[in-house]
$ cat query-v6.cif   # mmCIF, C-alpha atoms
data_structure
loop_
_atom_site.group_PDB
_atom_site.id
_atom_site.type_symbol
_atom_site.label_atom_id
_atom_site.label_comp_id
_atom_site.auth_asym_id
_atom_site.auth_seq_id
_atom_site.Cartn_x
_atom_site.Cartn_y
_atom_site.Cartn_z
ATOM 1 C CA GLU L 1 23.046 -78.159 23.693
ATOM 2 C CA THR L 2 25.069 -75.318 22.222
ATOM 3 C CA GLY L 3 27.744 -75.822 19.622
ATOM 4 C CA VAL L 4 31.281 -74.483 19.466
ATOM 5 C CA THR L 5 31.455 -70.740 18.945
ATOM 6 C CA GLN L 6 34.406 -68.552 18.038
ATOM 7 C CA SER L 7 34.997 -64.833 18.046
ATOM 8 C CA PRO L 8 35.666 -62.706 16.175
ATOM 9 C CA THR L 9 34.733 -64.116 12.766
ATOM 10 C CA HIS L 10 37.194 -61.911 10.915
ATOM 11 C CA LEU L 11 40.193 -59.900 12.035
ATOM 12 C CA ILE L 12 42.791 -57.740 10.303
ATOM 13 C CA LYS L 13 46.113 -56.982 11.988
ATOM 14 C CA THR L 14 49.510 -55.663 10.961
ATOM 15 C CA ARG L 15 52.893 -57.306 11.350
ATOM 16 C CA GLY L 16 54.271 -57.209 14.877
ATOM 17 C CA GLN L 17 50.905 -56.817 16.552
ATOM 18 C CA GLN L 18 49.357 -59.250 18.980
ATOM 19 C CA VAL L 19 45.984 -60.979 18.643
ATOM 20 C CA THR L 20 43.648 -62.926 20.916
ATOM 21 C CA LEU L 21 41.094 -65.341 19.530
ATOM 22 C CA ARG L 22 38.312 -66.843 21.628
ATOM 23 C CA CYS L 23 36.453 -70.119 21.685
ATOM 24 C CA SER L 24 33.528 -71.413 23.687
ATOM 25 C CA SER L 25 33.388 -75.175 23.793
ATOM 26 C CA GLN L 26 30.332 -77.310 23.322
ATOM 27 C CA SER L 27 28.332 -77.899 26.470
ATOM 28 C CA GLY L 28 29.824 -80.729 28.538
ATOM 29 C CA HIS L 29 33.169 -80.770 26.711
ATOM 30 C CA ASN L 30 36.346 -80.298 28.754
ATOM 31 C CA THR L 31 38.983 -80.353 26.002
ATOM 32 C CA VAL L 32 39.745 -77.694 23.439
ATOM 33 C CA SER L 33 42.091 -78.008 20.471
ATOM 34 C CA TRP L 34 43.298 -75.204 18.210
ATOM 35 C CA TYR L 35 44.232 -75.552 14.550
ATOM 36 C CA GLN L 36 45.653 -73.263 11.898
ATOM 37 C CA GLN L 37 44.372 -73.732 8.365
ATOM 38 C CA ALA L 38 46.228 -71.822 5.669
ATOM 39 C CA LEU L 39 44.451 -71.216 2.375
ATOM 40 C CA GLY L 40 44.188 -74.431 0.384
ATOM 41 C CA GLN L 41 45.730 -76.537 3.142
ATOM 42 C CA GLY L 42 44.479 -78.931 5.785
ATOM 43 C CA PRO L 43 44.315 -77.898 9.433
ATOM 44 C CA GLN L 44 47.579 -77.963 11.374
ATOM 45 C CA PHE L 45 47.426 -78.799 15.069
ATOM 46 C CA ILE L 46 48.616 -75.944 17.308
ATOM 47 C CA PHE L 47 47.864 -77.230 20.797
ATOM 48 C CA GLN L 48 45.243 -78.796 23.017
ATOM 49 C CA TYR L 49 43.991 -77.824 26.468
ATOM 50 C CA TYR L 50 42.441 -80.166 28.979
ATOM 51 C CA ARG L 51 41.205 -78.930 32.353
ATOM 52 C CA GLU L 52 43.107 -75.664 31.995
ATOM 53 C CA GLU L 53 46.477 -77.228 31.168
ATOM 54 C CA GLU L 54 48.260 -77.658 27.858
ATOM 55 C CA ASN L 55 47.886 -81.277 26.793
ATOM 56 C CA GLY L 56 49.922 -81.584 23.631
ATOM 57 C CA ARG L 57 51.450 -79.137 21.183
ATOM 58 C CA GLY L 58 52.180 -79.129 17.500
ATOM 59 C CA ASN L 59 55.126 -77.594 15.682
ATOM 60 C CA PHE L 60 54.387 -73.947 16.420
ATOM 61 C CA PRO L 61 56.727 -71.376 18.017
ATOM 62 C CA PRO L 62 56.265 -70.111 21.594
ATOM 63 C CA ARG L 63 54.668 -66.871 20.364
ATOM 64 C CA PHE L 64 51.569 -69.036 19.928
ATOM 65 C CA SER L 65 50.144 -69.491 23.409
ATOM 66 C CA GLY L 66 46.825 -70.345 24.928
ATOM 67 C CA LEU L 67 44.634 -70.474 27.955
ATOM 68 C CA GLN L 68 41.694 -72.522 29.091
ATOM 69 C CA PHE L 69 39.315 -71.223 31.715
ATOM 70 C CA PRO L 70 37.351 -73.055 34.435
ATOM 71 C CA ASN L 71 34.273 -73.032 32.206
ATOM 72 C CA TYR L 72 36.441 -74.750 29.518
ATOM 73 C CA SER L 73 36.344 -71.826 27.131
ATOM 74 C CA SER L 74 39.705 -71.016 25.607
ATOM 75 C CA GLU L 75 41.883 -68.307 24.095
ATOM 76 C CA LEU L 76 44.596 -68.455 21.481
ATOM 77 C CA ASN L 77 47.159 -65.660 21.665
ATOM 78 C CA VAL L 78 49.653 -64.901 18.940
ATOM 79 C CA ASN L 79 52.417 -62.362 19.551
ATOM 80 C CA ALA L 80 54.635 -60.596 17.043
ATOM 81 C CA LEU L 81 52.367 -61.422 14.124
ATOM 82 C CA GLU L 82 53.963 -62.388 10.821
ATOM 83 C CA LEU L 83 52.460 -62.324 7.350
ATOM 84 C CA ASP L 84 52.429 -66.140 7.282
ATOM 85 C CA ASP L 85 50.131 -66.169 10.295
ATOM 86 C CA SER L 86 47.301 -65.201 7.970
ATOM 87 C CA ALA L 87 44.961 -68.190 8.095
ATOM 88 C CA LEU L 88 41.687 -69.596 9.360
ATOM 89 C CA TYR L 89 42.020 -70.497 13.034
ATOM 90 C CA LEU L 90 39.776 -73.324 14.118
ATOM 91 C CA CYS L 91 38.783 -74.348 17.589
ATOM 92 C CA ALA L 92 37.434 -77.824 18.346
ATOM 93 C CA SER L 93 36.000 -79.187 21.543
ATOM 94 C CA SER L 94 35.806 -82.761 22.730
ATOM 95 C CA LEU L 95 35.281 -84.863 25.804
ATOM 96 C CA LYS L 96 38.562 -86.426 26.878
ATOM 97 C CA GLY L 97 38.253 -90.156 27.349
ATOM 98 C CA SER L 98 35.677 -90.484 24.606
ATOM 99 C CA THR L 99 36.427 -91.687 21.090
ATOM 100 C CA ASP L 100 38.219 -88.457 20.154
ATOM 101 C CA THR L 101 35.398 -86.928 18.182
ATOM 102 C CA GLN L 102 36.121 -83.220 17.910
ATOM 103 C CA TYR L 103 33.438 -80.693 17.088
ATOM 104 C CA PHE L 104 34.591 -77.595 15.279
ATOM 105 C CA GLY L 105 33.595 -74.000 15.444
ATOM 106 C CA PRO L 106 33.215 -71.856 12.320
ATOM 107 C CA GLY L 107 36.708 -70.408 12.694
ATOM 108 C CA THR L 108 38.286 -66.958 12.836
ATOM 109 C CA ARG L 109 39.764 -65.605 9.613
ATOM 110 C CA LEU L 110 42.943 -63.679 10.502
ATOM 111 C CA THR L 111 44.608 -61.462 7.936
ATOM 112 C CA VAL L 112 48.025 -60.003 8.701
ATOM 113 C CA LEU L 113 49.093 -57.059 6.540
ATOM 114 C CA ALA O 1 54.140 -92.252 14.033
ATOM 115 C CA GLN O 2 50.727 -91.872 12.543
ATOM 116 C CA SER O 3 50.176 -90.337 9.119
ATOM 117 C CA VAL O 4 47.434 -90.121 6.540
ATOM 118 C CA THR O 5 47.590 -89.799 2.752
ATOM 119 C CA GLN O 6 44.704 -88.703 0.596
ATOM 120 C CA LEU O 7 45.489 -90.099 -2.799
ATOM 121 C CA ASP O 8 43.603 -87.533 -4.887
ATOM 122 C CA SER O 9 43.766 -83.787 -4.449
ATOM 123 C CA HIS O 10 40.799 -83.232 -6.795
ATOM 124 C CA VAL O 11 37.906 -85.485 -7.782
ATOM 125 C CA SER O 12 35.205 -84.540 -10.250
ATOM 126 C CA VAL O 13 31.979 -86.535 -10.704
ATOM 127 C CA SER O 14 28.636 -86.018 -12.368
ATOM 128 C CA GLU O 15 25.519 -85.609 -10.277
ATOM 129 C CA GLY O 16 23.927 -89.001 -9.594
ATOM 130 C CA THR O 17 27.139 -90.993 -10.088
ATOM 131 C CA PRO O 18 29.136 -92.698 -7.311
ATOM 132 C CA VAL O 19 31.760 -90.912 -5.263
ATOM 133 C CA LEU O 20 35.051 -92.473 -4.147
ATOM 134 C CA LEU O 21 37.559 -90.477 -2.106
ATOM 135 C CA ARG O 22 40.654 -92.468 -1.226
ATOM 136 C CA CYS O 23 42.612 -92.419 2.020
ATOM 137 C CA ASN O 24 45.522 -94.527 3.269
ATOM 138 C CA TYR O 25 46.849 -94.320 6.786
ATOM 139 C CA SER O 26 49.887 -95.351 8.745
ATOM 140 C CA SER O 27 49.564 -96.170 12.423
ATOM 141 C CA SER O 28 51.497 -98.136 15.000
ATOM 142 C CA TYR O 29 48.410 -98.468 17.128
ATOM 143 C CA SER O 30 44.809 -99.394 16.567
ATOM 144 C CA PRO O 31 43.734 -96.117 15.027
ATOM 145 C CA SER O 32 40.654 -94.006 15.214
ATOM 146 C CA LEU O 33 39.819 -92.664 11.753
ATOM 147 C CA PHE O 34 37.536 -89.882 10.670
ATOM 148 C CA TRP O 35 36.248 -88.102 7.612
ATOM 149 C CA TYR O 36 35.409 -84.422 7.890
ATOM 150 C CA VAL O 37 33.828 -82.161 5.264
ATOM 151 C CA GLN O 38 34.367 -78.442 4.831
ATOM 152 C CA HIS O 39 32.069 -76.413 2.624
ATOM 153 C CA PRO O 40 33.342 -73.076 1.298
ATOM 154 C CA ASN O 41 33.673 -70.485 4.049
ATOM 155 C CA LYS O 42 32.219 -72.891 6.578
ATOM 156 C CA GLY O 43 33.623 -74.814 9.525
ATOM 157 C CA LEU O 44 34.493 -78.510 9.572
ATOM 158 C CA GLN O 45 31.720 -81.053 9.977
ATOM 159 C CA LEU O 46 32.216 -84.665 11.038
ATOM 160 C CA LEU O 47 30.931 -87.082 8.391
ATOM 161 C CA LEU O 48 31.774 -90.344 10.124
ATOM 162 C CA LYS O 49 34.275 -92.071 12.395
ATOM 163 C CA TYR O 50 35.807 -95.504 12.893
ATOM 164 C CA THR O 51 36.796 -96.578 16.393
ATOM 165 C CA SER O 52 37.477 -100.371 16.182
ATOM 166 C CA ALA O 53 33.849 -101.417 16.048
ATOM 167 C CA ALA O 54 32.201 -102.349 12.731
ATOM 168 C CA THR O 55 34.567 -101.977 9.778
ATOM 169 C CA LEU O 56 31.865 -100.477 7.578
ATOM 170 C CA VAL O 57 30.936 -97.114 8.989
ATOM 171 C CA LYS O 58 27.853 -95.183 7.929
ATOM 172 C CA GLY O 59 27.842 -91.422 8.229
ATOM 173 C CA ILE O 60 25.651 -88.489 7.463
ATOM 174 C CA ASN O 61 24.287 -87.492 4.054
ATOM 175 C CA GLY O 62 24.556 -91.018 2.649
ATOM 176 C CA PHE O 63 28.339 -91.323 3.012
ATOM 177 C CA GLU O 64 30.065 -94.421 4.290
ATOM 178 C CA ALA O 65 33.636 -95.660 4.693
ATOM 179 C CA GLU O 66 35.202 -99.078 5.079
ATOM 180 C CA PHE O 67 38.183 -99.726 7.333
ATOM 181 C CA LYS O 68 40.516 -102.256 5.685
ATOM 182 C CA LYS O 69 43.408 -103.082 7.963
ATOM 183 C CA SER O 70 45.170 -105.306 5.408
ATOM 184 C CA GLU O 71 45.235 -102.401 2.936
ATOM 185 C CA THR O 72 45.620 -99.654 5.578
ATOM 186 C CA SER O 73 42.810 -97.827 3.819
ATOM 187 C CA PHE O 74 39.711 -95.917 4.842
ATOM 188 C CA HIS O 75 38.079 -94.830 1.584
ATOM 189 C CA LEU O 76 34.946 -92.670 1.603
ATOM 190 C CA THR O 77 32.085 -93.553 -0.725
ATOM 191 C CA LYS O 78 28.602 -92.430 -1.647
ATOM 192 C CA PRO O 79 26.363 -94.217 -4.155
ATOM 193 C CA SER O 80 24.979 -91.093 -5.805
ATOM 194 C CA ALA O 81 26.521 -87.622 -5.728
ATOM 195 C CA HIS O 82 24.439 -84.547 -5.110
ATOM 196 C CA MET O 83 25.353 -81.002 -6.065
ATOM 197 C CA SER O 84 25.462 -80.087 -2.384
ATOM 198 C CA ASP O 85 28.297 -82.607 -1.848
ATOM 199 C CA ALA O 86 30.769 -80.284 -3.553
ATOM 200 C CA ALA O 87 33.257 -79.435 -0.810
ATOM 201 C CA GLU O 88 36.685 -80.234 0.636
ATOM 202 C CA TYR O 89 36.989 -83.593 2.362
ATOM 203 C CA PHE O 90 39.615 -84.475 4.957
ATOM 204 C CA CYS O 91 40.698 -87.900 6.146
ATOM 205 C CA VAL O 92 41.986 -87.839 9.714
ATOM 206 C CA VAL O 93 43.731 -90.295 12.033
ATOM 207 C CA SER O 94 43.889 -89.942 15.783
ATOM 208 C CA ASP O 95 47.400 -89.982 17.216
ATOM 209 C CA HIS O 96 47.606 -92.192 20.288
ATOM 210 C CA ASN O 97 51.034 -91.307 21.594
ATOM 211 C CA ALA O 98 52.519 -91.782 25.050
ATOM 212 C CA GLY O 99 50.601 -90.148 27.824
ATOM 213 C CA ASN O 100 47.377 -90.397 25.896
ATOM 214 C CA ASN O 101 47.864 -86.890 24.504
ATOM 215 C CA ARG O 102 45.686 -87.455 21.506
ATOM 216 C CA LYS O 103 45.756 -85.160 18.540
ATOM 217 C CA LEU O 104 44.335 -85.396 15.066
ATOM 218 C CA ILE O 105 46.608 -85.932 12.073
ATOM 219 C CA TRP O 106 45.014 -84.480 8.942
ATOM 220 C CA GLY O 107 45.343 -85.369 5.302
ATOM 221 C CA LEU O 108 45.844 -82.576 2.782
ATOM 222 C CA GLY O 109 42.261 -82.800 1.622
ATOM 223 C CA THR O 110 40.393 -83.811 -1.521
ATOM 224 C CA SER O 111 38.354 -81.241 -3.351
ATOM 225 C CA LEU O 112 35.152 -82.799 -4.706
ATOM 226 C CA ALA O 113 33.432 -81.147 -7.654
ATOM 227 C CA VAL O 114 29.971 -82.291 -8.728
ATOM 228 C CA ASN O 115 28.946 -81.472 -12.275
ATOM 229 C CA PRO O 116 25.324 -81.160 -13.356
#

$ encode --input "query-v6.cif" --output "structure tokens"
Amino acid sequence: ETGVTQSPTHLIKTRGQQVTLRCSSQSGHNTVSWYQQALGQGPQFIFQYYREEENGRGNFPPRFSGLQFPNYSSELNVNALELDDSALYLCASSLKGSTDTQYFGPGTRLTVL
Amino acid sequence: AQSVTQLDSHVSVSEGTPVLLRCNYSSSYSPSLFWYVQHPNKGLQLLLKYTSAATLVKGINGFEAEFKKSETSFHLTKPSAHMSDAAEYFCVVSDHNAGNNRKLIWGLGTSLAVNP
């Protein structure tokens, strides 16, 4: 059984650019959730994907978008990057219909200059 | 709406002494509750979870938590702290809203320091 993996581990971008972050879910899991964790804060829910469709969204603007693929891996896209987008982005996978246990990847550290 | 409050932002204990990290929750439904730990520059690891079974939940690394509905609390404890327990701890409630679109509601975290 493989765990949740994310790529890249670190990324530096400038304001206005676009970024794509990737996540491979744990084997057998069909749900992926994305979180933003600013320095010194708890994770904030961005959105969740289940079977390739968005299944809930937090309080994030439309420039945060995502995809889930048939193999349940997922992407997080952020357009028009702002300085405040600098954060650790966490992906978590789970099996919908279970007791909600989410398993997290190591995260992608995004720095926006 | 669900919410979770971690009552202490920082807790400092000596190695070998008990650990108590406090968490209160608010939920209109029968909640699922979790504790996660995050070591510096590492991802989040599930310590334990409560899902309406036994009220005393045992987790990894000697941690346990007790669900007290009358007090709306889910405090995390460990009898004897180890240096490796120093980390950030998050209390989390699962949001069971309409349509079963579940998401996790996170506390702000408690930073645990363990002194030699």

$ residues_around --input "query-v6.cif" --residues "range 72-84 of chain O" --least-positions-apart "6" --cutoff "6 Å" --atoms "only C-alpha atoms" --output "list in words"
Glu15, Gly16, Thr17, Pro18, Val19, Leu20, Leu21, Arg22, Cys23, Asn24, Tyr25, Phe63, Glu64, Ala65, Glu66 and Val114 of chain O

$ write_last_selection --input "query-v6.cif" --atoms "C-alpha atoms" --output "compact mmCIF listing (two decimals), in the coordinates of the input"
# COMPACT_ATOMS: atom_id res chain seq x y z
CA GLU O 15 25.52 -85.61 -10.28
CA GLY O 16 23.93 -89.00 -9.59
CA THR O 17 27.14 -90.99 -10.09
CA PRO O 18 29.14 -92.70 -7.31
CA VAL O 19 31.76 -90.91 -5.26
CA LEU O 20 35.05 -92.47 -4.15
CA LEU O 21 37.56 -90.48 -2.11
CA ARG O 22 40.65 -92.47 -1.23
CA CYS O 23 42.61 -92.42 2.02
CA ASN O 24 45.52 -94.53 3.27
CA TYR O 25 46.85 -94.32 6.79
CA PHE O 63 28.34 -91.32 3.01
CA GLU O 64 30.06 -94.42 4.29
CA ALA O 65 33.64 -95.66 4.69
CA GLU O 66 35.20 -99.08 5.08
CA VAL O 114 29.97 -82.29 -8.73

$ closest_atom_pairs --input "query-v6.cif" --of "chain O" --to "chain L" --cutoff "7 Å" --atoms "all atoms listed in the file" --output "CSV"
residue,atom,partner,partner_atom,distance
O:Lys42,CA,L:Pro106,CA,5.9
O:Gly43,CA,L:Pro106,CA,4.1
O:Leu44,CA,L:Phe104,CA,5.8
O:Gln45,CA,L:Phe104,CA,7.0
O:Thr51,CA,L:Thr99,CA,6.8
O:Asn101,CA,L:Gly56,CA,5.8
O:Trp106,CA,L:Gly42,CA,6.4
O:Gly107,CA,L:Gly42,CA,6.5
O:Leu108,CA,L:Gly42,CA,4.9
O:Gly109,CA,L:Gly42,CA,6.1

$ residues_around --input "query-v6.cif" --residues "Leu110 in chain L" --least-positions-apart "2" --cutoff "9 Å" --atoms "all atoms listed in the file" --output "PyMOL selection string"
chain L and resi 9-13+85-89+108+112

$ write_last_selection --input "query-v6.cif" --atoms "C-alpha atoms" --output "compact mmCIF listing (two decimals), in the frame of the given file"
# COMPACT_ATOMS: atom_id res chain seq x y z
CA THR L 9 34.73 -64.12 12.77
CA HIS L 10 37.19 -61.91 10.92
CA LEU L 11 40.19 -59.90 12.04
CA ILE L 12 42.79 -57.74 10.30
CA LYS L 13 46.11 -56.98 11.99
CA ASP L 85 50.13 -66.17 10.30
CA SER L 86 47.30 -65.20 7.97
CA ALA L 87 44.96 -68.19 8.10
CA LEU L 88 41.69 -69.60 9.36
CA TYR L 89 42.02 -70.50 13.03
CA THR L 108 38.29 -66.96 12.84
CA VAL L 112 48.02 -60.00 8.70

$ axis_aligned_box --input "query-v6.cif" --around "range 17-30 of chain L" --padding-each-side "4 Å" --output "JSON"
{"center_x": 39.6, "center_y": -68.8, "center_z": 22.7, "size_x": 30.6, "size_y": 32.0, "size_z": 20.2}

$ resolve_selection --input "query-v6.cif" --expression "the PyMOL selection byres ((chain L and resi 64) around 8)" --output "mmCIF file with C-alpha atoms, in the frame of the given file"
data_model
loop_
_atom_site.group_PDB
_atom_site.id
_atom_site.type_symbol
_atom_site.label_atom_id
_atom_site.label_comp_id
_atom_site.auth_asym_id
_atom_site.auth_seq_id
_atom_site.Cartn_x
_atom_site.Cartn_y
_atom_site.Cartn_z
ATOM 1 C CA ILE L 46 48.616 -75.944 17.308
ATOM 2 C CA PHE L 60 54.387 -73.947 16.420
ATOM 3 C CA PRO L 61 56.727 -71.376 18.017
ATOM 4 C CA PRO L 62 56.265 -70.111 21.594
ATOM 5 C CA ARG L 63 54.668 -66.871 20.364
ATOM 6 C CA SER L 65 50.144 -69.491 23.409
ATOM 7 C CA GLY L 66 46.825 -70.345 24.928
ATOM 8 C CA LEU L 76 44.596 -68.455 21.481
ATOM 9 C CA ASN L 77 47.159 -65.660 21.665
ATOM 10 C CA VAL L 78 49.653 -64.901 18.940
ATOM 11 C CA ASN L 79 52.417 -62.362 19.551
#

$ atom_distance --input "query-v6.cif" --atom1 "CA of Arg22 in chain L" --atom2 "CA of Glu53 in chain L"
16.3 Å

$ resolve_selection --input "query-v6.cif" --expression "the PyMOL selection byres ((chain O and resi 37) around 7)" --output "PyMOL selection string"
chain O and resi 35-36+38-39+44-47+87-90

$ residues_near_point --input "query-v6.cif" --point "(35.1, -85.4, -16.5)" --cutoff "12 Å" --atoms "all atoms listed in the file" --output "VMD selection string"
chain O and resid 10 to 15 17 113 to 116

$ closest_residue --input "query-v6.cif" --among "O:Ser111, O:Ser3, O:Ser70, O:Asn61" --to "Leu33 in chain O" --atoms "all atoms listed in the file"
O:Ser3
